[in-house]
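One file, work_31.txt, is given below (compact mmCIF, C-alpha atoms and all ligand atoms).
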```txt
# COMPACT_ATOMS: atom_id res chain seq x y z
CA MET A 1 6.18 13.19 29.19
CA SER A 2 8.12 14.54 26.25
CA ASP A 3 6.64 16.37 23.26
CA ILE A 4 6.28 14.85 19.80
CA ARG A 5 8.92 15.41 17.13
CA ALA A 6 7.20 15.73 13.76
CA ALA A 7 7.74 16.88 10.18
CA VAL A 8 5.40 19.84 9.63
CA LEU A 9 4.13 21.49 6.46
CA THR A 10 2.68 24.92 7.27
CA GLY A 11 0.76 25.20 3.96
CA PRO A 12 0.61 23.90 0.38
CA GLY A 13 4.13 23.87 -1.09
CA ALA A 14 5.86 24.98 2.14
CA PRO A 15 9.11 23.07 2.76
CA PRO A 16 8.90 20.52 5.59
CA THR A 17 10.47 21.47 8.91
CA ILE A 18 11.03 19.34 11.99
CA GLN A 19 9.18 20.75 14.98
CA MET A 20 8.35 19.78 18.55
CA VAL A 21 4.57 19.67 18.97
CA ASP A 22 2.56 19.21 22.15
CA ARG A 23 1.73 15.72 23.22
CA PRO A 24 -2.10 15.57 23.10
CA ARG A 25 -4.22 14.80 26.16
CA LEU A 26 -5.82 11.46 25.40
CA GLY A 27 -9.59 10.96 25.55
CA ARG A 28 -11.18 7.73 26.77
CA GLN A 29 -11.02 6.29 23.24
CA GLY A 30 -7.58 7.68 22.39
CA ALA A 31 -4.35 5.89 21.57
CA LEU A 32 -0.81 7.26 21.55
CA TYR A 33 1.95 5.21 19.98
CA ALA A 34 5.68 5.49 19.34
CA ILE A 35 6.17 5.31 15.58
CA GLY A 36 8.91 2.93 14.48
CA ALA A 37 8.85 3.97 10.84
CA CYS A 38 6.48 5.33 8.24
CA GLY A 39 6.52 4.58 4.53
CA VAL A 40 6.61 7.44 2.04
CA SER A 41 3.62 7.13 -0.32
CA GLU A 42 2.69 8.82 -3.60
CA ALA A 43 0.18 10.96 -1.64
CA ASP A 44 2.99 12.13 0.69
CA LEU A 45 5.22 12.99 -2.27
CA ALA A 46 2.33 14.96 -3.82
CA LEU A 47 2.10 16.99 -0.57
CA LEU A 48 5.83 17.77 -0.81
CA ARG A 49 5.28 18.93 -4.40
CA GLY A 50 2.63 21.40 -3.19
CA ALA A 51 -0.65 19.47 -3.45
CA ALA A 52 -3.51 20.71 -1.26
CA PRO A 53 -5.98 17.82 -0.72
CA ALA A 54 -9.57 18.91 -0.10
CA ASP A 55 -9.64 17.40 3.41
CA ALA A 56 -6.31 18.90 4.52
CA THR A 57 -6.12 21.27 7.49
CA TRP A 58 -2.86 23.14 7.92
CA PRO A 59 -0.32 22.83 9.43
CA LEU A 60 -0.13 19.10 8.78
CA THR A 61 2.26 16.21 9.23
CA PRO A 62 2.39 13.83 6.23
CA GLY A 63 2.70 10.07 6.54
CA GLN A 64 0.04 7.38 6.05
CA ARG A 65 1.98 4.12 6.39
CA ALA A 66 3.09 4.19 10.02
CA ALA A 67 3.46 1.28 12.41
CA GLY A 68 4.11 1.75 16.10
CA ILE A 69 4.06 0.56 19.69
CA LEU A 70 1.29 1.65 22.08
CA GLU A 71 2.51 4.03 24.78
CA GLU A 72 -0.80 5.22 26.22
CA ILE A 73 -4.41 4.10 25.76
CA GLY A 74 -7.68 5.67 26.91
CA ALA A 75 -9.71 3.85 29.56
CA ASP A 76 -12.38 2.70 27.07
CA LEU A 77 -10.00 1.46 24.38
CA THR A 78 -9.50 -2.08 25.60
CA GLU A 79 -9.65 -3.96 22.28
CA ASP A 80 -8.50 -3.42 18.71
CA SER A 81 -10.99 -3.28 15.81
CA LEU A 82 -11.17 -7.11 15.66
CA GLY A 83 -11.65 -7.58 19.42
CA THR A 84 -8.04 -8.45 20.25
CA PRO A 85 -7.09 -7.09 23.71
CA LEU A 86 -4.78 -4.07 23.74
CA ARG A 87 -2.04 -3.23 26.21
CA VAL A 88 0.73 -0.68 26.44
CA GLY A 89 3.71 -2.15 24.56
CA ALA A 90 1.57 -3.86 21.88
CA LYS A 91 2.51 -3.32 18.21
CA VAL A 92 -0.26 -1.55 16.27
CA LEU A 93 -1.25 -0.21 12.89
CA VAL A 94 -3.70 2.68 12.42
CA PRO A 95 -4.84 2.80 8.77
CA ALA A 96 -4.80 6.32 7.37
CA PHE A 97 -8.12 6.00 5.58
CA ALA A 98 -11.20 6.41 7.79
CA PRO A 99 -14.57 6.14 6.03
CA CYS A 100 -17.44 8.24 7.46
CA LEU A 101 -19.72 5.20 8.14
CA ARG A 102 -22.78 7.36 7.38
CA CYS A 103 -22.93 8.06 3.63
CA ALA A 104 -24.77 5.91 1.07
CA VAL A 105 -21.53 4.19 0.00
CA CYS A 106 -20.54 3.31 3.59
CA LEU A 107 -24.05 2.08 4.46
CA HIS A 108 -24.84 0.12 1.33
CA HIS A 109 -21.49 -0.79 -0.28
CA PRO A 110 -18.96 -1.26 2.58
CA ALA A 111 -16.60 -3.29 0.33
CA GLN A 112 -16.20 -0.09 -1.70
CA ALA A 113 -15.53 2.02 1.42
CA THR A 114 -12.64 3.66 -0.46
CA ARG A 115 -15.34 5.52 -2.43
CA CYS A 116 -16.86 6.98 0.81
CA LEU A 117 -18.33 10.42 0.10
CA HIS A 118 -16.87 12.07 3.25
CA PRO A 119 -13.67 10.22 4.12
CA VAL A 120 -10.97 11.41 6.52
CA GLN A 121 -7.26 10.80 5.90
CA LEU A 122 -5.42 10.36 9.19
CA ARG A 123 -1.92 11.60 8.41
CA GLY A 124 0.89 12.20 10.89
CA GLY A 125 3.22 9.23 10.37
CA TRP A 126 6.30 11.38 9.75
CA ALA A 127 6.85 11.79 13.47
CA ASP A 128 8.29 9.89 16.41
CA ARG A 129 4.83 9.54 17.95
CA GLY A 130 1.27 9.50 16.69
CA ALA A 131 -2.10 9.83 18.38
CA THR A 132 -5.61 8.96 17.22
CA ASP A 133 -8.89 9.81 18.92
CA PHE A 134 -11.30 7.04 17.92
CA ALA A 135 -14.27 8.92 19.43
CA ALA A 136 -13.71 11.77 16.95
CA HIS A 137 -13.14 9.36 14.04
CA PRO A 138 -15.54 6.40 14.41
CA GLY A 139 -14.51 5.06 10.97
CA ALA A 140 -10.84 4.86 12.01
CA ARG A 141 -9.50 1.40 12.86
CA LEU A 142 -6.72 0.13 15.08
CA TYR A 143 -5.20 -3.26 14.37
CA ARG A 144 -2.91 -5.07 16.77
CA LEU A 145 0.03 -6.64 14.94
CA PRO A 146 1.64 -9.99 15.77
CA ASP A 147 4.27 -9.45 18.51
CA ASP A 148 7.01 -10.91 16.30
CA MET A 149 6.18 -8.75 13.26
CA PRO A 150 8.90 -6.11 12.87
CA LEU A 151 7.53 -2.57 12.47
CA TRP A 152 9.47 -2.04 9.22
CA LEU A 153 7.55 -5.00 7.75
CA ALA A 154 4.25 -3.59 9.03
CA THR A 155 4.82 -0.36 7.05
CA LEU A 156 4.17 -2.53 3.96
CA VAL A 157 0.70 -3.67 5.10
CA GLY A 158 -1.18 -0.90 3.22
CA PRO A 159 0.35 -1.43 -0.24
CA PHE A 160 0.29 -5.21 0.38
CA ALA A 161 -3.47 -4.96 1.11
CA THR A 162 -3.99 -3.06 -2.15
CA ALA A 163 -2.36 -5.90 -4.09
CA GLN A 164 -4.15 -8.62 -2.12
CA ARG A 165 -7.57 -6.99 -2.43
CA ALA A 166 -7.31 -6.81 -6.21
CA LEU A 167 -6.30 -10.46 -6.57
CA ARG A 168 -8.93 -11.59 -4.07
CA ARG A 169 -11.61 -9.79 -6.07
CA ALA A 170 -10.43 -11.51 -9.25
CA GLN A 171 -10.46 -14.86 -7.42
CA GLU A 172 -13.98 -14.26 -6.08
CA ILE A 173 -15.36 -13.89 -9.60
CA GLY A 174 -13.38 -16.86 -10.93
CA ARG A 175 -10.84 -14.83 -12.90
CA PHE A 176 -7.72 -16.02 -11.01
CA PRO A 177 -7.80 -19.83 -10.98
CA PRO A 178 -5.11 -21.88 -9.20
CA GLY A 179 -1.99 -22.25 -11.36
CA ALA A 180 -2.83 -19.20 -13.50
CA THR A 181 -0.14 -17.52 -15.59
CA VAL A 182 0.07 -13.97 -14.26
CA VAL A 183 1.83 -10.97 -15.80
CA VAL A 184 2.58 -7.98 -13.57
CA HIS A 185 2.77 -5.08 -16.03
CA GLY A 186 4.54 -2.04 -14.57
CA THR A 187 6.77 -0.92 -11.72
CA GLY A 188 6.49 0.47 -8.18
CA CYS A 189 5.92 -0.71 -4.63
CA ILE A 190 2.47 -2.22 -5.24
CA ALA A 191 3.59 -3.92 -8.48
CA LEU A 192 6.47 -5.59 -6.62
CA LEU A 193 4.22 -6.72 -3.76
CA THR A 194 1.75 -8.06 -6.36
CA VAL A 195 4.52 -10.48 -7.42
CA ALA A 196 4.58 -11.88 -3.87
CA VAL A 197 0.79 -11.90 -3.39
CA ALA A 198 0.15 -13.65 -6.75
CA GLN A 199 2.46 -16.49 -5.68
CA GLU A 200 0.98 -16.68 -2.17
CA MET A 201 -2.50 -16.97 -3.75
CA GLY A 202 -1.60 -19.81 -6.08
CA ALA A 203 -0.29 -18.36 -9.37
CA GLY A 204 1.48 -21.01 -11.45
CA ARG A 205 3.79 -18.60 -13.27
CA THR A 206 4.51 -14.95 -12.47
CA ILE A 207 6.21 -12.73 -15.05
CA VAL A 208 6.98 -8.99 -14.80
CA ALA A 209 6.76 -6.83 -17.93
CA GLY A 210 7.70 -3.21 -18.45
CA ALA A 211 10.28 -3.19 -15.64
CA PRO A 212 13.53 -1.58 -16.84
CA GLU A 213 16.57 -3.76 -16.13
CA ASP A 214 17.74 -2.01 -12.99
CA GLY A 215 17.41 -2.66 -9.28
CA PHE A 216 13.63 -3.08 -9.63
CA ALA A 217 13.77 -5.93 -12.17
CA ARG A 218 16.39 -7.69 -10.02
CA LEU A 219 14.16 -7.32 -6.95
CA CYS A 220 11.23 -8.80 -8.91
CA ARG A 221 13.31 -11.89 -9.68
CA GLN A 222 14.39 -12.10 -6.02
CA PHE A 223 10.66 -11.99 -5.17
CA GLY A 224 10.14 -15.05 -7.37
CA ALA A 225 9.25 -13.62 -10.79
CA GLU A 226 10.19 -16.22 -13.41
CA ALA A 227 11.29 -13.51 -15.88
CA THR A 228 11.41 -9.72 -16.16
CA ILE A 229 10.85 -8.30 -19.61
CA GLU A 230 11.49 -4.82 -21.00
CA ALA A 231 11.95 -3.76 -24.62
CA ASP A 232 12.18 -0.40 -26.41
CA THR A 233 8.53 -0.35 -27.46
CA ALA A 234 5.28 -1.64 -25.97
CA GLU A 235 4.78 -3.84 -29.09
CA GLU A 236 8.16 -5.52 -28.59
CA THR A 237 7.50 -6.00 -24.87
CA VAL A 238 4.17 -7.69 -25.69
CA ALA A 239 5.87 -9.93 -28.29
CA ILE A 240 8.57 -11.06 -25.82
CA VAL A 241 5.99 -11.63 -23.07
CA ARG A 242 3.88 -13.79 -25.39
CA GLU A 243 6.95 -15.72 -26.54
CA THR A 244 8.05 -16.31 -22.92
CA ILE A 245 4.59 -17.50 -21.86
CA GLY A 246 4.02 -19.59 -24.98
CA GLY A 247 0.62 -21.05 -25.79
CA LEU A 248 -2.31 -18.66 -25.92
CA GLY A 249 -1.10 -15.86 -23.61
CA ALA A 250 -1.56 -14.82 -19.98
CA ASP A 251 -4.61 -15.75 -17.89
CA LEU A 252 -4.36 -12.56 -15.85
CA VAL A 253 -2.51 -9.27 -16.35
CA LEU A 254 -2.12 -6.79 -13.50
CA ARG A 255 -1.68 -3.34 -14.98
CA HIS A 256 0.22 -0.77 -12.91
CA GLY A 257 0.16 2.56 -14.76
CA THR A 258 1.35 1.10 -18.07
CA SER A 259 -0.41 1.01 -21.46
CA LEU A 260 -3.77 -0.71 -21.09
CA ALA A 261 -3.72 -1.69 -24.78
CA ALA A 262 -0.39 -3.49 -24.19
CA SER A 263 -1.75 -5.18 -21.04
CA LEU A 264 -4.73 -6.52 -23.02
CA ALA A 265 -2.46 -7.69 -25.83
CA MET A 266 -0.60 -9.99 -23.40
CA LEU A 267 -3.83 -11.85 -22.49
CA ARG A 268 -5.17 -15.03 -23.98
CA ASP A 269 -8.68 -14.64 -25.42
CA GLY A 270 -11.03 -15.04 -22.45
CA GLY A 271 -8.38 -13.73 -20.03
CA SER A 272 -8.72 -10.93 -17.48
CA CYS A 273 -6.95 -7.69 -16.65
CA ILE A 274 -6.91 -6.02 -13.24
CA ASP A 275 -6.40 -2.31 -13.70
CA PHE A 276 -4.65 -0.48 -10.85
CA GLY A 277 -5.09 2.80 -12.75
CA GLY A 278 -2.94 5.37 -14.51
CA ALA A 279 -1.90 5.85 -18.19
CA ALA A 280 -4.00 5.71 -21.35
CA ALA A 281 -7.38 4.05 -21.82
CA THR A 282 -8.25 1.89 -24.80
CA GLY A 283 -11.25 1.29 -27.04
CA THR A 284 -13.75 -1.25 -25.74
CA GLY A 285 -14.04 -3.19 -29.04
CA GLU A 286 -11.20 -5.49 -28.03
CA LEU A 287 -12.90 -6.38 -24.74
CA SER A 288 -15.98 -7.83 -26.41
CA GLU A 289 -14.28 -9.32 -29.46
CA ARG A 290 -11.76 -11.27 -27.36
CA ASP A 291 -14.16 -12.02 -24.48
CA LEU A 292 -11.89 -10.27 -21.96
CA THR A 293 -12.70 -9.19 -18.40
CA LEU A 294 -11.40 -5.85 -17.13
CA LEU A 295 -11.60 -5.32 -13.36
CA GLY A 296 -10.65 -2.00 -11.79
CA SER A 297 -9.29 -1.98 -8.25
CA ALA A 298 -8.63 1.13 -6.19
CA THR A 299 -6.42 1.09 -3.06
CA HIS A 300 -7.94 -0.90 -0.15
CA ALA A 301 -10.69 -0.53 2.44
CA PRO A 302 -9.87 -0.74 6.18
CA SER A 303 -11.44 -4.23 6.19
CA ASP A 304 -8.82 -5.39 3.66
CA LEU A 305 -6.02 -4.87 6.20
CA PRO A 306 -6.49 -7.83 8.61
CA PRO A 307 -6.03 -10.45 5.84
CA ALA A 308 -3.05 -8.43 4.58
CA ILE A 309 -1.44 -8.46 8.04
CA ARG A 310 -1.94 -12.24 8.25
CA MET A 311 -0.58 -13.00 4.77
CA LEU A 312 2.38 -10.60 5.03
CA HIS A 313 3.30 -12.00 8.45
CA LYS A 314 3.05 -15.58 7.20
CA ALA A 315 5.05 -14.83 4.03
CA ARG A 316 7.75 -12.76 5.76
CA GLY A 317 10.48 -15.41 5.41
CA ARG A 318 9.73 -16.21 1.77
CA TYR A 319 10.44 -12.83 0.12
CA PRO A 320 13.23 -10.28 0.71
CA PHE A 321 10.85 -7.54 1.89
CA LEU A 322 13.69 -5.70 3.67
CA SER A 323 15.51 -5.26 0.33
CA MET A 324 12.65 -3.17 -1.10
CA LEU A 325 12.94 -0.50 1.61
CA SER A 326 15.37 2.38 2.07
CA ARG A 327 15.64 3.93 5.54
CA HIS A 328 16.04 7.64 6.28
CA PRO A 329 16.19 9.61 9.54
CA LEU A 330 13.34 11.93 10.53
CA THR A 331 15.18 15.15 9.60
CA THR A 332 14.71 17.64 6.76
CA ALA A 333 17.73 16.09 5.01
CA GLY A 334 16.25 12.63 5.60
CA ILE A 335 12.93 13.69 4.05
CA ALA A 336 14.73 15.07 0.97
CA GLU A 337 16.68 11.79 0.62
CA ALA A 338 13.51 9.70 1.06
CA ALA A 339 11.70 11.71 -1.64
CA ARG A 340 14.54 10.95 -4.09
CA SER A 341 15.00 7.31 -3.11
CA PRO A 342 14.82 4.82 -6.00
CA ALA A 343 13.69 2.06 -3.59
CA PRO A 344 10.12 0.75 -4.12
CA MET A 345 9.32 2.25 -0.70
CA ALA A 346 11.31 4.72 1.40
CA LEU A 347 10.90 4.74 5.18
CA LEU A 348 11.19 7.71 7.52
CA VAL A 349 12.40 6.26 10.78
CA GLY A 350 10.96 7.98 13.86
CA ASN A 351 12.43 5.57 16.41
CA PRO A 352 15.30 3.44 15.03
CA ASP A 353 15.53 1.41 18.25
CA ILE A 354 12.04 -0.13 17.87
CA ILE A 355 11.61 -0.80 14.15
CA GLY A 356 13.02 -4.30 14.47
CA PRO A 357 15.87 -6.30 12.96
ZN ZN A 401 -18.91 7.27 3.92
```
As structure tokens, how would this structure be written, given the file I've shared?
Ligand SMILES: [Zn+2]
Amino acid sequence: MSDIRAAVLTGPGAPPTIQMVDRPRLGRQGALYAIGACGVSEADLALLRGAAPADATWPLTPGQRAAGILEEIGADLTEDSLGTPLRVGAKVLVPAFAPCLRCAVCLHHPAQATRCLHPVQLRGGWADRGATDFAAHPGARLYRLPDDMPLWLATLVGPFATAQRALRRAQEIGRFPPGATVVVHGTGCIALLTVAVAQEMGAGRTIVAGAPEDGFARLCRQFGAEATIEADTAEETVAIVRETIGGLGADLVLRHGTSLAASLAMLRDGGSCIDFGGAAATGTGELSERDLTLLGSATHAPSDLPPAIRMLHKARGRYPFLSMLSRHPLTTAGIAEAARSPAPMALLVGNPDIIGP
């Protein structure tokens, strides 16, 4: 069997090189899969800029959004993490984030598994093959994908799960009623997918604010946003958003790295804001005076992925997901191109023949 072709960083800040690495011997709970493509995430870009995450062991291969096809499975790995039978040739997703399953957070607050005290990040997606030993990483999951789900679409499952988790949490506490007027405030891959998820979960109106009129704003409209709004100042953007919505303001604002004060200003009194993080904080006076709810939501836990796979698969014909991706070959030039890509998500393509139409 051939070796694995992978992008390798020898240490913090070292330029990526493409190397042939040994194909690992699989244990009884191991899986080896051909990687169709892997999305380039903010964490990957940080590695290219020289970041040295606490859990990193060097040399390392970046890549946390890979989807692939099983080539080899250990004798004891007969089912995926939901009990679906596995076979060579099945399409699979291995989430990068593996909680430890032993700390106080994992034991007592599994829905907040992203806050695990000793998590492991399974990187390695920037390669033509990946391998995971589930005996060494009991918190790691393996999900079998629908046979007719193209691998390029599956690379979006992680960011899609982040968007879906946040909206599901708002729905669970009654802050995202059917027909709600939703404002997505900000740009980026997760903001764009939030436009799709909000509609799939029953939003009445979906508006995007703070998206400069470029390819991103156009994509948002192609994803079903009723309007995209951007003005020179945050105050003007808020004024146009409120004018577009009419009435009292938005029921729910999803803030993606923009001004929190501006996000709150778009809400009706009694409305709610989901905060995906980033940018400046605000005083808390406004929260109590206007009876607002602010809900923070950080990435997604492994258990958030199965509903994301189901919803993304079901919604695949309703949104132009392919248009949000740029594709780049697994070469040093391809990595440089992917890092500069203006697309909401860039893909490094390990095996162009299997990523799907
Ligand atoms: Zn833990």
Contact check, chain A to ligand ZN 401 (chain A), at most 10 Å, counting all atoms listed in the file, closest pairs as CSV:
```
residue,atom,partner,partner_atom,distance
A:Ala98,CA,A:ZN401,ZN,8.7
A:Pro99,CA,A:ZN401,ZN,5.0
A:Cys100,CA,A:ZN401,ZN,4.0
A:Leu101,CA,A:ZN401,ZN,4.8
A:Arg102,CA,A:ZN401,ZN,5.2
A:Cys103,CA,A:ZN401,ZN,4.1
A:Ala104,CA,A:ZN401,ZN,6.7
A:Val105,CA,A:ZN401,ZN,5.6
A:Cys106,CA,A:ZN401,ZN,4.3
A:Leu107,CA,A:ZN401,ZN,7.3
A:His108,CA,A:ZN401,ZN,9.6
A:His109,CA,A:ZN401,ZN,9.4
A:Pro110,CA,A:ZN401,ZN,8.6
A:Gln112,CA,A:ZN401,ZN,9.6
A:Ala113,CA,A:ZN401,ZN,6.7
A:Thr114,CA,A:ZN401,ZN,8.5
A:Arg115,CA,A:ZN401,ZN,7.5
A:Cys116,CA,A:ZN401,ZN,3.7
A:Leu117,CA,A:ZN401,ZN,5.0
A:His118,CA,A:ZN401,ZN,5.3
A:Pro119,CA,A:ZN401,ZN,6.0
A:Val120,CA,A:ZN401,ZN,9.3
A:Gly139,CA,A:ZN401,ZN,8.6
```
Take the residues from that selection and write them out as a CSV table (one decimal), in the frame of the given file, keeping C-alpha atoms.
```csv
chain,number,residue,atom,x,y,z
A,98,ALA,CA,-11.2,6.4,7.8
A,99,PRO,CA,-14.6,6.1,6.0
A,100,CYS,CA,-17.4,8.2,7.5
A,101,LEU,CA,-19.7,5.2,8.1
A,102,ARG,CA,-22.8,7.4,7.4
A,103,CYS,CA,-22.9,8.1,3.6
A,104,ALA,CA,-24.8,5.9,1.1
A,105,VAL,CA,-21.5,4.2,0.0
A,106,CYS,CA,-20.5,3.3,3.6
A,107,LEU,CA,-24.0,2.1,4.5
A,108,HIS,CA,-24.8,0.1,1.3
A,109,HIS,CA,-21.5,-0.8,-0.3
A,110,PRO,CA,-19.0,-1.3,2.6
A,112,GLN,CA,-16.2,-0.1,-1.7
A,113,ALA,CA,-15.5,2.0,1.4
A,114,THR,CA,-12.6,3.7,-0.5
A,115,ARG,CA,-15.3,5.5,-2.4
A,116,CYS,CA,-16.9,7.0,0.8
A,117,LEU,CA,-18.3,10.4,0.1
A,118,HIS,CA,-16.9,12.1,3.2
A,119,PRO,CA,-13.7,10.2,4.1
A,120,VAL,CA,-11.0,11.4,6.5
A,139,GLY,CA,-14.5,5.1,11.0
```
Select from stretch 180-262 of chain A every residue with an atom at most 9 Å from any atom of stretch 336-347 of chain A, then for each give the shortest pair of atoms and their distance in Å to one decimal, using all atoms listed in the file, rows by chain and rising number, as JSON lines.
```
{"residue": "A:Thr187", "atom": "CA", "partner": "A:Pro344", "partner_atom": "CA", "distance": 8.5}
{"residue": "A:Gly188", "atom": "CA", "partner": "A:Pro344", "partner_atom": "CA", "distance": 5.5}
{"residue": "A:Cys189", "atom": "CA", "partner": "A:Pro344", "partner_atom": "CA", "distance": 4.5}
{"residue": "A:Ile190", "atom": "CA", "partner": "A:Pro344", "partner_atom": "CA", "distance": 8.3}
{"residue": "A:Leu192", "atom": "CA", "partner": "A:Pro344", "partner_atom": "CA", "distance": 7.7}
{"residue": "A:Gly215", "atom": "CA", "partner": "A:Ala343", "partner_atom": "CA", "distance": 8.3}
{"residue": "A:Phe216", "atom": "CA", "partner": "A:Pro344", "partner_atom": "CA", "distance": 7.6}
```
Quick one: contact table of stretch 48-129 of chain A to stretch 29-40 of chain A, 12 Å max, nearest atom pair and distance in Å to one decimal per residue, counting only C-alpha atoms, chain and number order, as a tab-separated table?
```
residue	atom	partner	partner_atom	distance
A:Leu48	CA	A:Val40	CA	10.7
A:Thr61	CA	A:Cys38	CA	11.7
A:Pro62	CA	A:Val40	CA	8.7
A:Gly63	CA	A:Cys38	CA	6.3
A:Gln64	CA	A:Cys38	CA	7.1
A:Arg65	CA	A:Gly39	CA	4.9
A:Ala66	CA	A:Cys38	CA	4.0
A:Ala67	CA	A:Ile35	CA	5.8
A:Gly68	CA	A:Ile35	CA	4.1
A:Ile69	CA	A:Tyr33	CA	5.1
A:Leu70	CA	A:Tyr33	CA	4.2
A:Glu71	CA	A:Tyr33	CA	5.0
A:Glu72	CA	A:Leu32	CA	5.1
A:Ile73	CA	A:Ala31	CA	4.6
A:Gly74	CA	A:Gly30	CA	4.9
A:Ala75	CA	A:Gln29	CA	6.9
A:Asp76	CA	A:Gln29	CA	5.4
A:Leu77	CA	A:Gln29	CA	5.1
A:Thr78	CA	A:Gln29	CA	8.8
A:Glu79	CA	A:Gln29	CA	10.4
A:Asp80	CA	A:Ala31	CA	10.6
A:Leu86	CA	A:Ala31	CA	10.2
A:Arg87	CA	A:Ala31	CA	10.5
A:Val88	CA	A:Tyr33	CA	8.8
A:Gly89	CA	A:Tyr33	CA	8.8
A:Ala90	CA	A:Tyr33	CA	9.3
A:Lys91	CA	A:Tyr33	CA	8.7
A:Val92	CA	A:Tyr33	CA	8.0
A:Leu93	CA	A:Tyr33	CA	9.5
A:Val94	CA	A:Ala31	CA	9.7
A:Pro95	CA	A:Cys38	CA	11.6
A:Ala96	CA	A:Cys38	CA	11.4
A:Arg123	CA	A:Cys38	CA	10.5
A:Gly124	CA	A:Cys38	CA	9.2
A:Gly125	CA	A:Cys38	CA	5.5
A:Trp126	CA	A:Cys38	CA	6.2
A:Ala127	CA	A:Ile35	CA	6.8
A:Asp128	CA	A:Ile35	CA	5.1
A:Arg129	CA	A:Ala34	CA	4.4
```
Dump of C-alpha atoms for the selected residues, as an mmCIF file, in the coordinates of the input:
```cif
data_model
loop_
_atom_site.group_PDB
_atom_site.id
_atom_site.type_symbol
_atom_site.label_atom_id
_atom_site.label_comp_id
_atom_site.auth_asym_id
_atom_site.auth_seq_id
_atom_site.Cartn_x
_atom_site.Cartn_y
_atom_site.Cartn_z
ATOM 1 C CA LEU A 48 5.830 17.770 -0.810
ATOM 2 C CA THR A 61 2.260 16.210 9.230
ATOM 3 C CA PRO A 62 2.390 13.830 6.230
ATOM 4 C CA GLY A 63 2.700 10.070 6.540
ATOM 5 C CA GLN A 64 0.040 7.380 6.050
ATOM 6 C CA ARG A 65 1.980 4.120 6.390
ATOM 7 C CA ALA A 66 3.090 4.190 10.020
ATOM 8 C CA ALA A 67 3.460 1.280 12.410
ATOM 9 C CA GLY A 68 4.110 1.750 16.100
ATOM 10 C CA ILE A 69 4.060 0.560 19.690
ATOM 11 C CA LEU A 70 1.290 1.650 22.080
ATOM 12 C CA GLU A 71 2.510 4.030 24.780
ATOM 13 C CA GLU A 72 -0.800 5.220 26.220
ATOM 14 C CA ILE A 73 -4.410 4.100 25.760
ATOM 15 C CA GLY A 74 -7.680 5.670 26.910
ATOM 16 C CA ALA A 75 -9.710 3.850 29.560
ATOM 17 C CA ASP A 76 -12.380 2.700 27.070
ATOM 18 C CA LEU A 77 -10.000 1.460 24.380
ATOM 19 C CA THR A 78 -9.500 -2.080 25.600
ATOM 20 C CA GLU A 79 -9.650 -3.960 22.280
ATOM 21 C CA ASP A 80 -8.500 -3.420 18.710
ATOM 22 C CA LEU A 86 -4.780 -4.070 23.740
ATOM 23 C CA ARG A 87 -2.040 -3.230 26.210
ATOM 24 C CA VAL A 88 0.730 -0.680 26.440
ATOM 25 C CA GLY A 89 3.710 -2.150 24.560
ATOM 26 C CA ALA A 90 1.570 -3.860 21.880
ATOM 27 C CA LYS A 91 2.510 -3.320 18.210
ATOM 28 C CA VAL A 92 -0.260 -1.550 16.270
ATOM 29 C CA LEU A 93 -1.250 -0.210 12.890
ATOM 30 C CA VAL A 94 -3.700 2.680 12.420
ATOM 31 C CA PRO A 95 -4.840 2.800 8.770
ATOM 32 C CA ALA A 96 -4.800 6.320 7.370
ATOM 33 C CA ARG A 123 -1.920 11.600 8.410
ATOM 34 C CA GLY A 124 0.890 12.200 10.890
ATOM 35 C CA GLY A 125 3.220 9.230 10.370
ATOM 36 C CA TRP A 126 6.300 11.380 9.750
ATOM 37 C CA ALA A 127 6.850 11.790 13.470
ATOM 38 C CA ASP A 128 8.290 9.890 16.410
ATOM 39 C CA ARG A 129 4.830 9.540 17.950
#
```
Looking at A:Gln222, A:Ser263, A:Thr132, A:Thr332, which one is nearest to A:Val183, with distances taken over only C-alpha atoms?
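With only C-alpha atoms as the atom set, the closest residue is A:Ser263.
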Can you tell me how far atom CA of A:Arg169 sits from atom CA of A:Ala191, in Å to one decimal?
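Spanning atom CA of A:Arg169 to atom CA of A:Ala191 is a straight-line distance of 16.5 Å.
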In Å to one decimal, how far is atom CA of A:Gly277 from atom CA of A:Glu230?
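Calculated distance between atom CA of A:Glu230 and atom CA of A:Gly277 is 20.0 Å.
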Which residue of A:Thr331, A:Thr228, A:Ser297, A:Thr181 approaches A:Asp251 most closely, using all atoms listed in the file:
A:Thr181
Can you work out the spacing between atom CA of A:Gly356 and atom CA of A:Pro146 in Å, to one decimal?
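Atom CA of A:Pro146 lies at a distance of 12.8 Å from atom CA of A:Gly356.
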Considering only C-alpha atoms, return as a ChimeraX atom specification whatever protein or nucleic-acid residues lie within 12 Å of A:Val197, sequence-local ones (same chain, fewer than 6 positions apart) excluded.
/A:157,159-168,182,184,190-191,203,206,223-225,254,307-308,310-312,314-316,318-319
Which residues come within 7 Å of stretch 4-9 of chain A, counting all atoms listed in the file, excluding same-chain residues fewer than 3 positions away, as a ChimeraX atom specification?
/A:14-23,59-61,126-129
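With all atoms listed in the file as the basis for measurement, A:Ser272 is the residue among A:Ser288, A:Thr194, A:Thr233, A:Ser272 that approaches A:Leu252 most closely.
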Enclose all atoms of stretch 296-304 of chain A listed in the file in an axis-aligned box, grow every side by 6 Å, and hand back centre and edge lengths in Å to one decimal, as JSON.
```
{"center_x": -8.9, "center_y": -2.1, "center_z": -2.8, "size_x": 17.0, "size_y": 18.5, "size_z": 30.0}
```
Within 12 Å of stretch 175-180 of chain A using all atoms listed in the file, minus same-chain residues under 4 positions, as a PyMOL selection string
chain A and resi 166-171+198-207+245+249-254+267-268+270-274+292-295
